[in-house]
Protein chains: 2
Amino acid sequence: MPAQTMDQIVSLAKRRGFVFPGSDIYGGLQGTYDYGPLGVELKNNLKAAWWRANVWERDDMEGIDTAILMNKLVWRYSGHEETFVDPMVDCRNCQGRFRADHLQGDVCPNCGARDLTEPRPFNMMFKTQVGPVPDPESFAYLRPETAQGIFVNFKNVLDSTNRKLPFGIAQIGKAFRNEITPRNFIFRVREFEQMEIEYFVRPGEDEAWHRRWIEDRTNWWVNVCGLRREDLCEYHVPAADLAHYSKATVDLMYRYPIGVEELEGIANRTDFDLGSHTKDQDKLNLTARVQANSNATERLSYFDHLTNKHIVPYVVEPSAGVDRGVLAVLCSAYDEEQLDKGDTRTVLRLKPALAPIKVAILPLKKNHDLIVAQARGIKRDLQATGDMRSVYDDTAAIGKLYRRQDEVGTPFCVTVDFQSLKDQTVTVRDRDTMQQERVAIPDLRDYLRERLR
Amino acid sequence: MPAQTMDQIVSLAKRRGFVFPGSDIYGGLQGTYDYGPLGVELKNNLKAAWWRANVWERDDMEGIDTAILMNKLVWRYSGHEETFVDPMVDCRNCQGRFRADHLQGDVCPNCGARDLTEPRPFNMMFKTQVGPVPDPESFAYLRPETAQGIFVNFKNVLDSTNRKLPFGIAQIGKAFRNEITPRNFIFRVREFEQMEIEYFVRPGEDEAWHRRWIEDRTNWWVNVCGLRREDLCEYHVPAADLAHYSKATVDLMYRYPIGVEELEGIANRTDFDLGSHTKDQDKLNLTARVQANSNATERLSYFDHLTNKHIVPYVVEPSAGVDRGVLAVLCSAYDEEQLDKGDTRTVLRLKPALAPIKVAILPLKKNHDLIVAQARGIKRDLQATGDMRSVYDDTAAIGKLYRRQDEVGTPFCVTVDFQSLKDQTVTVRDRDTMQQERVAIPDLRDYLRERLR
């Protein structure tokens, strides 16, 4: 039985060290979370899996890692200064502020008064003063998305790699949005992480690539992350709701315990982005409606050897939330399994590649010197491979130790027992089947590596 | 000959896509840089190597990943609000602002006037408004260090992992400092990344652990990152210059082209940090002088089963800069090698684990269908392993392709030639020796894996 409520996940996350509320000992800071010892491994594994699939295992992708603080002109020409707003209402009774489109009815969700203002736009970008001079013009925004760091580096990447269309640029990094009402654990937060691809194509090839990326990304969530296909669906944003620069946007929706919500958005953004940040806009036959740019110092175009023309590529953008991904993976992997005799066990059925701990080494007796020495030796050997997060645990009876590892998704437990001392074998217990197998210690590393793949 | 000037590195970095100035097309944003396609791989490899050595390959470490935005009380009790300042002077003539301790003499470095103000303290934390209500109290700082995220989670980590002393908590993440005068490429920037460990020990064991961490960290820079031991030295901060909470601080200094500068700091911080953020300070026999804390909701102490007492651990902090590490690695690996006939080649002698590209697959003839098909097939096979960033390049003659890969530190080039079609072998060229060896294609993956380790 997968997770039915967010509380199951939140409780497990805090108790076992996946995710803690941010600044916890000072009463928190709304919309921020800290990843604990297991959470950081899970999140890093998810990001590494994305990078592997989208950068290393493809022929057509470069990576990048751009700064969070960018010149404010980026956000003028991207349109964020003007349009990155949420509708906000005030309660005249309790002075609470809320996102208008999240309200149910015209009643204040805080005090219940029916005295709300009309919605007003609220820009969600965080702003900060940069440099020692208190000049009102010396500010920067914390980026609300990683995408713009890719667009403004289009020329730098092209010049340094000599890529031919179609190709993409991929980035993972933090982004910040001053959400009016952060909520639902790590689903809607003020500080979060994105995994974004900007995939540049010839105009005319954009629709086929859009379709292909929707399939690719869906398959990745299913095959690599273990989400059930039936928990995912596509929301085709209706034409009337599309941003003016988008030709088509498809949201990949996941069935979270809080409802069906966006996990990733995949948009066909035409030549809007490169066209917005380029110089010489009037010479480039842009199709998108862009703001006149008088500041950019480079032409963000591409010389197409096939047609001998300078063109501005179209872009398809698969944009996923890391934290939403972690949450989906946790919800999907969570299982309360009914065992014999009315017993239940909680088990996270994580894909081995995502599991925070790959193997736990458990001594059957914690006070038996030879068993302990052998178990510690195995732990050291396994962790020395550098590719296998291993832990040693002797703080409970073996049955309880197994349950502890089940609950955090560790694929394998290795137990050193009395037989180990005689014949140099250990038992390897499989998380999902709970079956145990005896494996010779010298074969253990290869045995685990094979099964962790 | 290693890098003699920063310009050699800056030029290579931009041309080949390691590091670009941030927000380049809009004239930049001082003190910010973007990592390009090769830079992001190098930086990720450096961070992964640090995480592997300090978290996965040890028995006594947990990882964590905390938010950049934290409750402002963190920075009040850490002392940053009051003391995280640099001395700043103004030039009365040109209105320039400078860091007083970076000036040479009493002359304005901008206009040359001898009309500078007395130094005043300037707080280096970036500040931003959080939440929709424009309340002067609703702000947060961008963290100027990752360390505090560890301290305020001490209890969370302890409760979720049940660790015994000594143990550490490791974190990699962005930090921000509003430097008065950012300079020297990625050495002194406003947005940077840290790799920090807070290692908790019993009081009395702190000095031995401090010494041990200095050795461990030095060895890591040498053995894992390839820095020359003779380019590193220890600067023992004189007692008079120590921060009041530090019992001893040793800076690991690296011989950059700009001079000998700090790469990592390793401090014995006593019980100052946990003592500052704990409640019930008066019950805990703190040795450090701390500000009275009336806000913390948890006791950051540890129940020591050896003595049956609650103690506040001492902490040893190895704190390294990721960007400074990348810069040191680039400078150290950079070599202009004299070849026969007065020829020179630029080669980055990176440790294979750090190299952005592990293997380049090069077809001897780019228009020969069979050679191209075989080369592409090899590339796909290698990248499908998921552990080897591979590239394909056919855009120049083979000699030039080799030089291109030398310059970015690719350990191996695989060339598919006419003989490959006959006997299913390829040449594998070693970056450092330039020796070539013929390897059977079915053995190639294992051959490379072995040598890349």
# chains A, B, ... in the order shown; residues from 1 in each chain; ligands from 1

$ residues_around --residues "A:Ser319" --least-positions-apart "3" --cutoff "9 Å" --atoms "only C-alpha atoms" --output "list in words"
Ala147, Gln194, Met195, Glu196, Ile197, Glu198, Leu263, Glu264, Gly265, Ile266 and Ala267 of chain A

$ write_last_selection --atoms "N, CA and C atoms" --output "tab-separated table (two decimals), in the first residue's frame"
chain	number	residue	atom	x	y	z
A	147	ALA	N	16.71	28.31	-15.99
A	147	ALA	CA	16.68	28.35	-17.45
A	147	ALA	C	17.42	29.54	-18.05
A	194	GLN	N	16.04	22.84	-9.32
A	194	GLN	CA	15.47	22.47	-10.62
A	194	GLN	C	16.45	21.62	-11.42
A	195	MET	N	15.91	20.82	-12.31
A	195	MET	CA	16.70	20.12	-13.32
A	195	MET	C	16.10	20.53	-14.65
A	196	GLU	N	16.82	21.37	-15.38
A	196	GLU	CA	16.24	21.93	-16.59
A	196	GLU	C	17.11	21.64	-17.82
A	197	ILE	N	16.42	21.40	-18.91
A	197	ILE	CA	17.07	21.24	-20.21
A	197	ILE	C	16.49	22.28	-21.15
A	198	GLU	N	17.37	22.95	-21.87
A	198	GLU	CA	16.90	23.77	-22.99
A	198	GLU	C	17.43	23.08	-24.25
A	263	LEU	N	4.78	17.74	-11.72
A	263	LEU	CA	6.12	17.24	-11.39
A	263	LEU	C	7.15	17.86	-12.33
A	264	GLU	N	6.77	18.01	-13.57
A	264	GLU	CA	7.67	18.56	-14.59
A	264	GLU	C	6.84	19.24	-15.66
A	265	GLY	N	7.36	20.32	-16.22
A	265	GLY	CA	6.68	20.98	-17.33
A	265	GLY	C	7.55	20.89	-18.57
A	266	ILE	N	6.92	20.62	-19.71
A	266	ILE	CA	7.68	20.50	-20.95
A	266	ILE	C	7.05	21.43	-21.98
A	267	ALA	N	7.78	22.49	-22.29
A	267	ALA	CA	7.20	23.56	-23.09
A	267	ALA	C	7.94	23.74	-24.41

$ closest_atom_pairs --of "chain A" --to "chain B" --cutoff "6 Å" --atoms "only C-alpha atoms" --output "tab-separated table"
residue	atom	partner	partner_atom	distance
A:Arg15	CA	B:Ser160	CA	5.7
A:Arg16	CA	B:Ser160	CA	4.9
A:Gly17	CA	B:Ser160	CA	5.2
A:Ser23	CA	B:Met70	CA	5.8
A:Ile25	CA	B:Thr297	CA	5.1
A:Tyr26	CA	B:Ala296	CA	5.4
A:Leu29	CA	B:Asn71	CA	5.3
A:Asp34	CA	B:Thr66	CA	4.1
A:Tyr35	CA	B:Asp65	CA	4.9
A:Gly36	CA	B:Ile64	CA	4.8
A:Pro37	CA	B:Gly63	CA	4.8
A:Val40	CA	B:Ile64	CA	5.6
A:Arg52	CA	B:Gly386	CA	5.9
A:Trp56	CA	B:Arg389	CA	5.3
A:Glu57	CA	B:Gln383	CA	5.2
A:Glu62	CA	B:Pro37	CA	5.5
A:Gly63	CA	B:Pro37	CA	4.8
A:Ile64	CA	B:Gly36	CA	4.8
A:Asp65	CA	B:Tyr35	CA	4.9
A:Thr66	CA	B:Asp34	CA	4.1
A:Ala67	CA	B:Asp34	CA	5.6
A:Met70	CA	B:Ser23	CA	5.8
A:Asn71	CA	B:Leu29	CA	5.3
A:Lys127	CA	B:Thr128	CA	5.8
A:Thr128	CA	B:Thr128	CA	5.2
A:Gly131	CA	B:Asn178	CA	5.9
A:Pro132	CA	B:Ile180	CA	5.6
A:Ser160	CA	B:Arg16	CA	4.9
A:Asn178	CA	B:Gly131	CA	5.9
A:Ile180	CA	B:Pro132	CA	5.6
A:Ala296	CA	B:Tyr26	CA	5.4
A:Thr297	CA	B:Ile25	CA	5.1
A:Gln383	CA	B:Glu57	CA	5.2
A:Ala384	CA	B:Glu57	CA	5.6
A:Gly386	CA	B:Arg52	CA	5.9
A:Arg389	CA	B:Trp56	CA	5.3

$ select_by_dssp --residues "stretch 277-324 of chain A" --states "strand (DSSP E)" --output "ChimeraX atom specification"
/A:302-304,309-311,314-321

$ atom_distance --atom1 "atom CA of A:Met6" --atom2 "atom CA of A:Asp406"
19.4 Å

$ select_by_dssp --residues "stretch 331-413 of chain B" --states "alpha helix (DSSP H)" --output "list in words"
Cys331, Ser332, Ala333, Asp369, Leu370, Ile371, Val372, Ala373, Gln374, Ala375, Arg376, Gly377, Ile378, Lys379, Arg380, Asp381, Leu382, Gln383, Ile398, Gly399, Lys400, Leu401, Tyr402, Arg403, Arg404, Gln405, Asp406, Glu407 and Val408 of chain B

$ write_last_selection --atoms "N, CA, C and O atoms" --output "mmCIF file, in the first residue's frame"
data_model
loop_
_atom_site.group_PDB
_atom_site.id
_atom_site.type_symbol
_atom_site.label_atom_id
_atom_site.label_comp_id
_atom_site.auth_asym_id
_atom_site.auth_seq_id
_atom_site.Cartn_x
_atom_site.Cartn_y
_atom_site.Cartn_z
ATOM 1 N N CYS B 331 45.317 25.162 -12.049
ATOM 2 C CA CYS B 331 46.677 25.734 -12.076
ATOM 3 C C CYS B 331 47.720 24.627 -11.969
ATOM 4 O O CYS B 331 48.742 24.643 -12.660
ATOM 5 N N SER B 332 47.439 23.682 -11.108
ATOM 6 C CA SER B 332 48.406 22.630 -10.852
ATOM 7 C C SER B 332 48.509 21.663 -12.027
ATOM 8 O O SER B 332 49.593 21.157 -12.346
ATOM 9 N N ALA B 333 47.387 21.410 -12.687
ATOM 10 C CA ALA B 333 47.377 20.439 -13.785
ATOM 11 C C ALA B 333 47.909 21.035 -15.080
ATOM 12 O O ALA B 333 48.355 20.317 -15.974
ATOM 13 N N ASP B 369 32.157 5.812 -44.088
ATOM 14 C CA ASP B 369 30.963 5.332 -43.394
ATOM 15 C C ASP B 369 31.248 4.240 -42.367
ATOM 16 O O ASP B 369 30.700 4.253 -41.263
ATOM 17 N N LEU B 370 32.093 3.287 -42.750
ATOM 18 C CA LEU B 370 32.323 2.161 -41.848
ATOM 19 C C LEU B 370 33.091 2.599 -40.609
ATOM 20 O O LEU B 370 32.802 2.174 -39.490
ATOM 21 N N ILE B 371 34.094 3.457 -40.832
ATOM 22 C CA ILE B 371 34.856 3.967 -39.688
ATOM 23 C C ILE B 371 33.949 4.781 -38.766
ATOM 24 O O ILE B 371 33.966 4.622 -37.540
ATOM 25 N N VAL B 372 33.149 5.640 -39.359
ATOM 26 C CA VAL B 372 32.241 6.477 -38.560
ATOM 27 C C VAL B 372 31.250 5.611 -37.779
ATOM 28 O O VAL B 372 31.032 5.826 -36.583
ATOM 29 N N ALA B 373 30.703 4.618 -38.447
ATOM 30 C CA ALA B 373 29.721 3.752 -37.777
ATOM 31 C C ALA B 373 30.364 3.033 -36.597
ATOM 32 O O ALA B 373 29.773 2.929 -35.512
ATOM 33 N N GLN B 374 31.591 2.558 -36.818
ATOM 34 C CA GLN B 374 32.247 1.848 -35.727
ATOM 35 C C GLN B 374 32.574 2.804 -34.565
ATOM 36 O O GLN B 374 32.368 2.467 -33.398
ATOM 37 N N ALA B 375 33.063 3.993 -34.900
ATOM 38 C CA ALA B 375 33.412 4.965 -33.857
ATOM 39 C C ALA B 375 32.173 5.367 -33.056
ATOM 40 O O ALA B 375 32.179 5.426 -31.826
ATOM 41 N N ARG B 376 31.085 5.606 -33.764
ATOM 42 C CA ARG B 376 29.841 6.000 -33.076
ATOM 43 C C ARG B 376 29.342 4.869 -32.190
ATOM 44 O O ARG B 376 28.831 5.096 -31.087
ATOM 45 N N GLY B 377 29.485 3.657 -32.685
ATOM 46 C CA GLY B 377 29.065 2.492 -31.898
ATOM 47 C C GLY B 377 29.860 2.379 -30.607
ATOM 48 O O GLY B 377 29.305 2.127 -29.536
ATOM 49 N N ILE B 378 31.172 2.599 -30.711
ATOM 50 C CA ILE B 378 32.027 2.543 -29.521
ATOM 51 C C ILE B 378 31.635 3.631 -28.532
ATOM 52 O O ILE B 378 31.555 3.414 -27.328
ATOM 53 N N LYS B 379 31.379 4.816 -29.066
ATOM 54 C CA LYS B 379 30.989 5.919 -28.190
ATOM 55 C C LYS B 379 29.704 5.563 -27.432
ATOM 56 O O LYS B 379 29.610 5.754 -26.223
ATOM 57 N N ARG B 380 28.759 5.021 -28.152
ATOM 58 C CA ARG B 380 27.495 4.675 -27.501
ATOM 59 C C ARG B 380 27.682 3.590 -26.445
ATOM 60 O O ARG B 380 27.117 3.656 -25.364
ATOM 61 N N ASP B 381 28.497 2.601 -26.776
ATOM 62 C CA ASP B 381 28.744 1.520 -25.803
ATOM 63 C C ASP B 381 29.391 2.064 -24.530
ATOM 64 O O ASP B 381 29.033 1.677 -23.421
ATOM 65 N N LEU B 382 30.372 2.943 -24.701
ATOM 66 C CA LEU B 382 31.083 3.458 -23.529
ATOM 67 C C LEU B 382 30.181 4.340 -22.687
ATOM 68 O O LEU B 382 30.156 4.250 -21.461
ATOM 69 N N GLN B 383 29.411 5.209 -23.333
ATOM 70 C CA GLN B 383 28.596 6.128 -22.535
ATOM 71 C C GLN B 383 27.418 5.402 -21.887
ATOM 72 O O GLN B 383 26.903 5.864 -20.866
ATOM 73 N N ILE B 398 43.517 14.280 -37.080
ATOM 74 C CA ILE B 398 43.694 13.535 -35.839
ATOM 75 C C ILE B 398 44.684 14.199 -34.871
ATOM 76 O O ILE B 398 44.458 14.237 -33.661
ATOM 77 N N GLY B 399 45.767 14.764 -35.421
ATOM 78 C CA GLY B 399 46.756 15.402 -34.546
ATOM 79 C C GLY B 399 46.142 16.561 -33.768
ATOM 80 O O GLY B 399 46.377 16.732 -32.567
ATOM 81 N N LYS B 400 45.327 17.331 -34.449
ATOM 82 C CA LYS B 400 44.679 18.465 -33.811
ATOM 83 C C LYS B 400 43.633 18.001 -32.788
ATOM 84 O O LYS B 400 43.476 18.610 -31.719
ATOM 85 N N LEU B 401 42.957 16.921 -33.117
ATOM 86 C CA LEU B 401 41.967 16.388 -32.172
ATOM 87 C C LEU B 401 42.650 15.940 -30.875
ATOM 88 O O LEU B 401 42.135 16.167 -29.785
ATOM 89 N N TYR B 402 43.812 15.319 -31.010
ATOM 90 C CA TYR B 402 44.557 14.915 -29.815
ATOM 91 C C TYR B 402 44.901 16.134 -28.962
ATOM 92 O O TYR B 402 44.726 16.138 -27.739
ATOM 93 N N ARG B 403 45.414 17.191 -29.594
ATOM 94 C CA ARG B 403 45.802 18.401 -28.849
ATOM 95 C C ARG B 403 44.619 19.027 -28.116
ATOM 96 O O ARG B 403 44.730 19.503 -27.000
ATOM 97 N N ARG B 404 43.479 19.015 -28.807
ATOM 98 C CA ARG B 404 42.262 19.549 -28.194
ATOM 99 C C ARG B 404 41.915 18.812 -26.897
ATOM 100 O O ARG B 404 41.507 19.413 -25.913
ATOM 101 N N GLN B 405 42.057 17.504 -26.938
ATOM 102 C CA GLN B 405 41.725 16.713 -25.751
ATOM 103 C C GLN B 405 42.805 16.869 -24.678
ATOM 104 O O GLN B 405 42.499 16.896 -23.496
ATOM 105 N N ASP B 406 44.067 16.971 -25.090
ATOM 106 C CA ASP B 406 45.148 17.216 -24.126
ATOM 107 C C ASP B 406 44.853 18.462 -23.307
ATOM 108 O O ASP B 406 45.016 18.500 -22.089
ATOM 109 N N GLU B 407 44.425 19.485 -24.025
ATOM 110 C CA GLU B 407 44.240 20.802 -23.424
ATOM 111 C C GLU B 407 43.140 20.821 -22.363
ATOM 112 O O GLU B 407 43.122 21.692 -21.492
ATOM 113 N N VAL B 408 42.207 19.880 -22.450
ATOM 114 C CA VAL B 408 41.138 19.844 -21.446
ATOM 115 C C VAL B 408 41.286 18.639 -20.514
ATOM 116 O O VAL B 408 40.410 18.359 -19.700
#

$ closest_residue --among "A:Lys47, A:Asn110, A:Arg349, A:Arg211" --to "A:Thr433" --atoms "only C-alpha atoms"
A:Arg349

$ closest_residue --among "B:Glu336, B:Asp343, B:Glu450, B:Asp394" --to "B:Asp432" --atoms "only C-alpha atoms"
B:Glu336

$ decode --residues "stretch 189-200 of chain B" --atoms "all heavy atoms" --output "CSV table (one decimal), in the first residue's frame"
chain,number,residue,atom,x,y,z
B,189,VAL,N,35.0,35.7,-4.8
B,189,VAL,CA,33.8,36.0,-5.5
B,189,VAL,C,32.6,36.2,-4.6
B,189,VAL,O,32.8,36.0,-3.4
B,189,VAL,CB,33.4,34.8,-6.5
B,189,VAL,CG1,34.3,34.8,-7.7
B,189,VAL,CG2,33.5,33.5,-5.7
B,190,ARG,N,31.5,36.7,-5.1
B,190,ARG,CA,30.4,37.0,-4.2
B,190,ARG,C,29.5,35.7,-4.0
B,190,ARG,O,28.8,35.6,-3.0
B,190,ARG,CB,29.6,38.2,-4.7
B,190,ARG,CG,30.4,39.5,-4.5
B,190,ARG,CD,29.6,40.7,-5.0
B,190,ARG,NE,30.3,41.9,-4.6
B,190,ARG,CZ,30.4,43.0,-5.3
B,190,ARG,NH1,29.7,43.1,-6.4
B,190,ARG,NH2,31.0,44.1,-4.8
B,191,GLU,N,29.5,34.9,-5.0
B,191,GLU,CA,28.7,33.6,-4.9
B,191,GLU,C,29.7,32.5,-5.1
B,191,GLU,O,30.4,32.5,-6.1
B,191,GLU,CB,27.7,33.6,-6.0
B,191,GLU,CG,26.9,32.3,-6.1
B,191,GLU,CD,25.8,32.3,-7.1
B,191,GLU,OE1,25.3,33.4,-7.5
B,191,GLU,OE2,25.4,31.2,-7.4
B,192,PHE,N,29.8,31.6,-4.1
B,192,PHE,CA,30.8,30.5,-4.2
B,192,PHE,C,30.2,29.3,-3.6
B,192,PHE,O,29.1,29.3,-3.1
B,192,PHE,CB,32.1,31.0,-3.6
B,192,PHE,CG,31.9,31.4,-2.1
B,192,PHE,CD1,32.3,30.5,-1.1
B,192,PHE,CD2,31.4,32.6,-1.8
B,192,PHE,CE1,32.2,30.9,0.2
B,192,PHE,CE2,31.2,33.0,-0.5
B,192,PHE,CZ,31.6,32.1,0.5
B,193,GLU,N,31.0,28.2,-3.6
B,193,GLU,CA,30.6,27.0,-3.0
B,193,GLU,C,31.6,26.5,-2.0
B,193,GLU,O,32.8,26.7,-2.2
B,193,GLU,CB,30.4,25.9,-4.2
B,193,GLU,CG,29.2,25.0,-4.0
B,193,GLU,CD,28.8,24.3,-5.2
B,193,GLU,OE1,29.3,24.6,-6.3
B,193,GLU,OE2,27.9,23.4,-5.1
B,194,GLN,N,31.0,25.9,-0.9
B,194,GLN,CA,31.9,25.4,0.1
B,194,GLN,C,31.7,23.9,0.3
B,194,GLN,O,30.7,23.3,0.0
B,194,GLN,CB,31.5,26.1,1.5
B,194,GLN,CG,31.8,27.5,1.5
B,194,GLN,CD,31.6,28.1,2.9
B,194,GLN,OE1,30.5,28.0,3.4
B,194,GLN,NE2,32.6,28.7,3.5
B,195,MET,N,32.8,23.3,0.8
B,195,MET,CA,32.7,21.9,1.3
B,195,MET,C,33.2,21.9,2.7
B,195,MET,O,34.4,22.1,3.0
B,195,MET,CB,33.7,21.0,0.4
B,195,MET,CG,33.5,21.2,-1.1
B,195,MET,SD,34.6,20.0,-2.1
B,195,MET,CE,36.2,20.8,-2.0
B,196,GLU,N,32.2,21.7,3.6
B,196,GLU,CA,32.5,21.9,5.0
B,196,GLU,C,32.2,20.7,5.8
B,196,GLU,O,31.2,20.0,5.6
B,196,GLU,CB,31.8,23.1,5.6
B,196,GLU,CG,32.2,24.4,5.0
B,196,GLU,CD,31.8,25.6,5.9
B,196,GLU,OE1,30.6,25.8,6.1
B,196,GLU,OE2,32.7,26.4,6.2
B,197,ILE,N,33.1,20.4,6.8
B,197,ILE,CA,32.9,19.3,7.8
B,197,ILE,C,32.9,20.0,9.2
B,197,ILE,O,33.7,20.8,9.5
B,197,ILE,CB,34.0,18.3,7.7
B,197,ILE,CG1,34.0,17.6,6.3
B,197,ILE,CG2,33.9,17.3,8.9
B,197,ILE,CD1,35.3,16.8,6.0
B,198,GLU,N,31.9,19.6,10.0
B,198,GLU,CA,31.9,19.9,11.4
B,198,GLU,C,32.1,18.6,12.1
B,198,GLU,O,31.3,17.7,12.0
B,198,GLU,CB,30.7,20.6,11.9
B,198,GLU,CG,30.3,21.9,11.1
B,198,GLU,CD,31.4,22.9,11.1
B,198,GLU,OE1,32.2,23.0,12.1
B,198,GLU,OE2,31.5,23.7,10.1
B,199,TYR,N,33.3,18.4,12.7
B,199,TYR,CA,33.6,17.1,13.3
B,199,TYR,C,33.6,17.3,14.8
B,199,TYR,O,34.3,18.1,15.4
B,199,TYR,CB,35.0,16.7,12.9
B,199,TYR,CG,35.3,15.3,13.1
B,199,TYR,CD1,34.8,14.3,12.3
B,199,TYR,CD2,36.0,14.9,14.2
B,199,TYR,CE1,35.0,12.9,12.6
B,199,TYR,CE2,36.3,13.5,14.5
B,199,TYR,CZ,35.7,12.6,13.6
B,199,TYR,OH,35.9,11.2,13.9
B,200,PHE,N,32.6,16.5,15.4
B,200,PHE,CA,32.3,16.7,16.9
B,200,PHE,C,33.1,15.7,17.7
B,200,PHE,O,33.1,14.5,17.4
B,200,PHE,CB,30.8,16.5,17.1
B,200,PHE,CG,30.0,17.5,16.3
B,200,PHE,CD1,29.4,17.1,15.1
B,200,PHE,CD2,29.9,18.8,16.8
B,200,PHE,CE1,28.7,18.0,14.4
B,200,PHE,CE2,29.1,19.7,16.0
B,200,PHE,CZ,28.5,19.3,14.8
